[in-house]
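First comes the structure, then the notes that go with it.
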Amino acid sequence: MINTAALLFRGLLVGVALLALGGCAATYRNSGYVPSEADLAEITVGIDDRSSVEDQVGRPVSQGVIADRAWYFVGTRWEYFAYRAPQPIDRQVVAISFDEGGTVQNIERFSLADGEVISLNRRVTDSNIEGVSLIRQLLGNIGNFDAGNFLN
């Protein structure tokens with residue numbers, strides 16, 4: 001005779017194990033927008049301008065630094081797994097550049113494999129007051145003031 005309590009306990013144990021394994025599965029999230037190849041094929045280099053590109057693929061979130069000379073469409077696919085920080089597993093960048101008149105000059109597509117890691121250098125100016133107390137700073141400025149500078 002089979003013990004129903006033991007069967008129920010085993011079923012519960014298997015269910016908890018399956019839930020635990022399911023919780024460890026990676027999840028994915030997409031962010032951003034990149035026009036499809038079909039949408040980009042409708043844009044003609046040298047003919048279309050900003051307004052026609054906007055009608056066909058929309059306005060991007062990012063634009064070029066120099067006077068709206070380029071539009072950048074960026075789409076990223078992120079992998080979330082357990083306790084790790086999210087990792088980008090795919091990134092597509094479409095750059096549409098314009099000439100001075102606003103006509104499409106070039107269309108380029110880049111992927112995550114085309115990118116380079118750029119280390120940002122944070123430049124900080126040294127204060128040069130390490131080890132100098134507040135009283136010494138105040139007393140050190142006595143005699144350095146010129147009344148002529150305050151009257152102008």
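Ordering of the structure tokens sets the chain letters (A, B, ...); residue numbers start at 1 within each chain; ligands are numbered from 1 in the order shown.
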Using only C-alpha atoms, determine which residues lie at most 7 Å from Ala95 in chain A, disregarding the query and same-chain residues fewer than 4 positions distant; provide the list as a VMD selection string. chain A and resid 70 to 73 107 to 109
With N, CA and C atoms retained, write the just-selected residues as a PDB file, in the first residue's frame.
ATOM      1  N   ALA A  70      24.041  64.120 -37.614  1.00  0.00           N
ATOM      2  CA  ALA A  70      23.831  62.673 -37.665  1.00  0.00           C
ATOM      3  C   ALA A  70      22.756  62.262 -36.673  1.00  0.00           C
ATOM      4  N   TRP A  71      22.026  61.216 -37.030  1.00  0.00           N
ATOM      5  CA  TRP A  71      21.038  60.621 -36.138  1.00  0.00           C
ATOM      6  C   TRP A  71      21.516  59.218 -35.801  1.00  0.00           C
ATOM      7  N   TYR A  72      21.362  58.828 -34.538  1.00  0.00           N
ATOM      8  CA  TYR A  72      21.804  57.519 -34.082  1.00  0.00           C
ATOM      9  C   TYR A  72      20.626  56.762 -33.473  1.00  0.00           C
ATOM     10  N   PHE A  73      20.335  55.595 -34.019  1.00  0.00           N
ATOM     11  CA  PHE A  73      19.313  54.698 -33.488  1.00  0.00           C
ATOM     12  C   PHE A  73      20.051  53.556 -32.795  1.00  0.00           C
ATOM     13  N   ILE A 107      24.437  55.963 -44.581  1.00  0.00           N
ATOM     14  CA  ILE A 107      23.720  55.123 -43.625  1.00  0.00           C
ATOM     15  C   ILE A 107      24.661  53.986 -43.247  1.00  0.00           C
ATOM     16  N   GLU A 108      24.917  53.833 -41.949  1.00  0.00           N
ATOM     17  CA  GLU A 108      25.819  52.782 -41.480  1.00  0.00           C
ATOM     18  C   GLU A 108      25.151  52.001 -40.360  1.00  0.00           C
ATOM     19  N   ARG A 109      25.486  50.712 -40.284  1.00  0.00           N
ATOM     20  CA  ARG A 109      24.990  49.852 -39.208  1.00  0.00           C
ATOM     21  C   ARG A 109      26.199  49.251 -38.509  1.00  0.00           C
TER      22      ARG A 109
END
Would you compute the distance between CA of Ala20 in chain A and CA of Leu7 in chain A? Give it in Å to one decimal.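 It comes out at 19.9 Å.
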Rounded to one decimal place, report the CA of Pro88 in chain A-CA of Leu19 in chain A distance in Å. 26.1 Å
Show me, as a PDB file with N, CA and C atoms, in the first residue's frame, the residues that have an atom within 12 Å of range 75-80 of chain A when counting only C-alpha atoms, minus same-chain residues fewer than 2 positions from it.
ATOM      1  N   GLY A  23      13.658  29.616 -11.548  1.00  0.00           N
ATOM      2  CA  GLY A  23      14.078  30.935 -11.093  1.00  0.00           C
ATOM      3  C   GLY A  23      15.504  31.267 -11.496  1.00  0.00           C
ATOM      4  N   CYS A  24      16.288  30.260 -11.834  1.00  0.00           N
ATOM      5  CA  CYS A  24      17.679  30.480 -12.245  1.00  0.00           C
ATOM      6  C   CYS A  24      17.816  30.706 -13.744  1.00  0.00           C
ATOM      7  N   ALA A  25      16.738  30.609 -14.477  1.00  0.00           N
ATOM      8  CA  ALA A  25      16.807  30.798 -15.927  1.00  0.00           C
ATOM      9  C   ALA A  25      17.058  32.270 -16.245  1.00  0.00           C
ATOM     10  N   ALA A  26      17.819  32.496 -17.284  1.00  0.00           N
ATOM     11  CA  ALA A  26      18.108  33.862 -17.702  1.00  0.00           C
ATOM     12  C   ALA A  26      16.864  34.493 -18.306  1.00  0.00           C
ATOM     13  N   THR A  27      16.715  35.801 -18.095  1.00  0.00           N
ATOM     14  CA  THR A  27      15.650  36.558 -18.736  1.00  0.00           C
ATOM     15  C   THR A  27      16.299  37.601 -19.634  1.00  0.00           C
ATOM     16  N   TYR A  28      15.568  38.033 -20.646  1.00  0.00           N
ATOM     17  CA  TYR A  28      16.114  38.962 -21.630  1.00  0.00           C
ATOM     18  C   TYR A  28      15.187  40.161 -21.757  1.00  0.00           C
ATOM     19  N   ARG A  29      15.800  41.309 -22.016  1.00  0.00           N
ATOM     20  CA  ARG A  29      15.031  42.544 -22.181  1.00  0.00           C
ATOM     21  C   ARG A  29      15.640  43.357 -23.324  1.00  0.00           C
ATOM     22  N   ASN A  30      14.780  43.896 -24.148  1.00  0.00           N
ATOM     23  CA  ASN A  30      15.222  44.755 -25.247  1.00  0.00           C
ATOM     24  C   ASN A  30      14.994  46.206 -24.866  1.00  0.00           C
ATOM     25  N   SER A  31      15.936  47.061 -25.248  1.00  0.00           N
ATOM     26  CA  SER A  31      15.761  48.493 -25.024  1.00  0.00           C
ATOM     27  C   SER A  31      16.215  49.235 -26.271  1.00  0.00           C
ATOM     28  N   GLY A  32      15.589  50.359 -26.524  1.00  0.00           N
ATOM     29  CA  GLY A  32      15.943  51.158 -27.684  1.00  0.00           C
ATOM     30  C   GLY A  32      15.182  50.737 -28.927  1.00  0.00           C
ATOM     31  N   TYR A  33      15.516  51.396 -30.032  1.00  0.00           N
ATOM     32  CA  TYR A  33      14.847  51.126 -31.305  1.00  0.00           C
ATOM     33  C   TYR A  33      15.863  51.253 -32.421  1.00  0.00           C
ATOM     34  N   VAL A  34      15.863  50.265 -33.312  1.00  0.00           N
ATOM     35  CA  VAL A  34      16.693  50.291 -34.511  1.00  0.00           C
ATOM     36  C   VAL A  34      15.788  49.975 -35.700  1.00  0.00           C
ATOM     37  N   PRO A  35      15.802  50.828 -36.740  1.00  0.00           N
ATOM     38  CA  PRO A  35      14.972  50.547 -37.914  1.00  0.00           C
ATOM     39  C   PRO A  35      15.410  49.246 -38.596  1.00  0.00           C
ATOM     40  N   SER A  36      14.456  48.561 -39.199  1.00  0.00           N
ATOM     41  CA  SER A  36      14.759  47.316 -39.895  1.00  0.00           C
ATOM     42  C   SER A  36      15.475  47.616 -41.222  1.00  0.00           C
ATOM     43  N   PRO A  60      15.260  59.774 -33.873  1.00  0.00           N
ATOM     44  CA  PRO A  60      16.032  59.006 -32.898  1.00  0.00           C
ATOM     45  C   PRO A  60      16.066  59.693 -31.548  1.00  0.00           C
ATOM     46  N   VAL A  61      16.535  58.951 -30.552  1.00  0.00           N
ATOM     47  CA  VAL A  61      16.736  59.517 -29.231  1.00  0.00           C
ATOM     48  C   VAL A  61      18.047  60.284 -29.202  1.00  0.00           C
ATOM     49  N   SER A  62      19.061  59.811 -29.945  1.00  0.00           N
ATOM     50  CA  SER A  62      20.390  60.432 -29.940  1.00  0.00           C
ATOM     51  C   SER A  62      20.652  61.114 -31.271  1.00  0.00           C
ATOM     52  N   TYR A  72      21.362  58.828 -34.538  1.00  0.00           N
ATOM     53  CA  TYR A  72      21.804  57.519 -34.082  1.00  0.00           C
ATOM     54  C   TYR A  72      20.626  56.762 -33.473  1.00  0.00           C
ATOM     55  N   PHE A  73      20.335  55.595 -34.019  1.00  0.00           N
ATOM     56  CA  PHE A  73      19.313  54.698 -33.488  1.00  0.00           C
ATOM     57  C   PHE A  73      20.051  53.556 -32.795  1.00  0.00           C
ATOM     58  N   ALA A  82      20.233  35.681 -12.544  1.00  0.00           N
ATOM     59  CA  ALA A  82      20.413  35.532 -11.096  1.00  0.00           C
ATOM     60  C   ALA A  82      20.924  36.827 -10.474  1.00  0.00           C
ATOM     61  N   TYR A  83      22.035  36.757  -9.814  1.00  0.00           N
ATOM     62  CA  TYR A  83      22.569  37.886  -9.047  1.00  0.00           C
ATOM     63  C   TYR A  83      23.513  38.765  -9.864  1.00  0.00           C
ATOM     64  N   ARG A  84      23.898  38.325 -11.065  1.00  0.00           N
ATOM     65  CA  ARG A  84      24.852  39.091 -11.867  1.00  0.00           C
ATOM     66  C   ARG A  84      24.252  40.392 -12.375  1.00  0.00           C
ATOM     67  N   ALA A  85      25.114  41.347 -12.648  1.00  0.00           N
ATOM     68  CA  ALA A  85      24.667  42.596 -13.268  1.00  0.00           C
ATOM     69  C   ALA A  85      24.219  42.294 -14.694  1.00  0.00           C
ATOM     70  N   PRO A  86      23.261  43.042 -15.228  1.00  0.00           N
ATOM     71  CA  PRO A  86      22.810  42.796 -16.602  1.00  0.00           C
ATOM     72  C   PRO A  86      23.972  42.917 -17.592  1.00  0.00           C
ATOM     73  N   GLN A  87      23.988  42.026 -18.575  1.00  0.00           N
ATOM     74  CA  GLN A  87      25.047  42.009 -19.587  1.00  0.00           C
ATOM     75  C   GLN A  87      24.436  42.293 -20.957  1.00  0.00           C
ATOM     76  N   PRO A  88      25.030  43.217 -21.739  1.00  0.00           N
ATOM     77  CA  PRO A  88      24.539  43.403 -23.109  1.00  0.00           C
ATOM     78  C   PRO A  88      25.016  42.231 -23.972  1.00  0.00           C
ATOM     79  N   ILE A  89      24.086  41.546 -24.628  1.00  0.00           N
ATOM     80  CA  ILE A  89      24.483  40.422 -25.473  1.00  0.00           C
ATOM     81  C   ILE A  89      24.391  40.778 -26.955  1.00  0.00           C
ATOM     82  N   ASP A  90      23.659  41.836 -27.280  1.00  0.00           N
ATOM     83  CA  ASP A  90      23.589  42.296 -28.658  1.00  0.00           C
ATOM     84  C   ASP A  90      23.290  43.785 -28.649  1.00  0.00           C
ATOM     85  N   ARG A  91      23.959  44.511 -29.514  1.00  0.00           N
ATOM     86  CA  ARG A  91      23.685  45.947 -29.653  1.00  0.00           C
ATOM     87  C   ARG A  91      23.792  46.292 -31.132  1.00  0.00           C
ATOM     88  N   GLN A  92      22.812  46.999 -31.618  1.00  0.00           N
ATOM     89  CA  GLN A  92      22.798  47.474 -33.000  1.00  0.00           C
ATOM     90  C   GLN A  92      22.724  48.992 -32.969  1.00  0.00           C
ATOM     91  N   VAL A  93      23.564  49.644 -33.764  1.00  0.00           N
ATOM     92  CA  VAL A  93      23.556  51.094 -33.894  1.00  0.00           C
ATOM     93  C   VAL A  93      23.433  51.412 -35.375  1.00  0.00           C
ATOM     94  N   VAL A  94      22.433  52.217 -35.717  1.00  0.00           N
ATOM     95  CA  VAL A  94      22.283  52.700 -37.081  1.00  0.00           C
ATOM     96  C   VAL A  94      22.572  54.195 -37.051  1.00  0.00           C
ATOM     97  N   ALA A  95      23.560  54.605 -37.852  1.00  0.00           N
ATOM     98  CA  ALA A  95      23.947  56.015 -37.939  1.00  0.00           C
ATOM     99  C   ALA A  95      23.545  56.542 -39.309  1.00  0.00           C
ATOM    100  N   ARG A 109      25.486  50.712 -40.284  1.00  0.00           N
ATOM    101  CA  ARG A 109      24.990  49.852 -39.208  1.00  0.00           C
ATOM    102  C   ARG A 109      26.199  49.251 -38.509  1.00  0.00           C
ATOM    103  N   PHE A 110      26.187  49.324 -37.173  1.00  0.00           N
ATOM    104  CA  PHE A 110      27.255  48.763 -36.349  1.00  0.00           C
ATOM    105  C   PHE A 110      26.641  47.793 -35.350  1.00  0.00           C
ATOM    106  N   SER A 111      27.437  46.807 -34.929  1.00  0.00           N
ATOM    107  CA  SER A 111      26.965  45.855 -33.927  1.00  0.00           C
ATOM    108  C   SER A 111      27.886  45.905 -32.723  1.00  0.00           C
ATOM    109  N   LEU A 112      27.556  45.134 -31.709  1.00  0.00           N
ATOM    110  CA  LEU A 112      28.367  45.067 -30.500  1.00  0.00           C
ATOM    111  C   LEU A 112      29.777  44.594 -30.821  1.00  0.00           C
TER     112      LEU A 112
END
Taken to one decimal, the CA of Asp49 in chain A-CA of Asp68 in chain A distance is 12.3 Å
Find the residues around range 43-48 of chain A up to 6 Å (only C-alpha atoms counted), leave out those fewer than 6 positions away in its own chain, and share them as a VMD selection string. chain A and resid 103 to 105
Those selected residues, please, written with C-alpha atoms and delivered as a PDB file, in the first residue's frame.
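Done, and the output landed in selection-v3.pdb:
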ATOM      1  CA  THR A 103      20.251  65.554 -47.201  1.00  0.00           C
ATOM      2  CA  VAL A 104      21.154  61.971 -46.264  1.00  0.00           C
ATOM      3  CA  GLN A 105      24.869  61.516 -46.813  1.00  0.00           C
TER       4      GLN A 105
END
Report the residues of range 5-72 of chain A whose backbone DSSP state falls under strand (DSSP E), written as a CSV table (one decimal) with C-alpha atoms, in the first residue's frame.
chain,number,residue,atom,x,y,z
A,27,THR,CA,15.6,36.6,-18.7
A,28,TYR,CA,16.1,39.0,-21.6
A,29,ARG,CA,15.0,42.5,-22.2
A,30,ASN,CA,15.2,44.8,-25.2
A,31,SER,CA,15.8,48.5,-25.0
A,32,GLY,CA,15.9,51.2,-27.7
A,62,SER,CA,20.4,60.4,-29.9
A,63,GLN,CA,21.7,63.0,-32.4
A,70,ALA,CA,23.8,62.7,-37.7
A,71,TRP,CA,21.0,60.6,-36.1
A,72,TYR,CA,21.8,57.5,-34.1
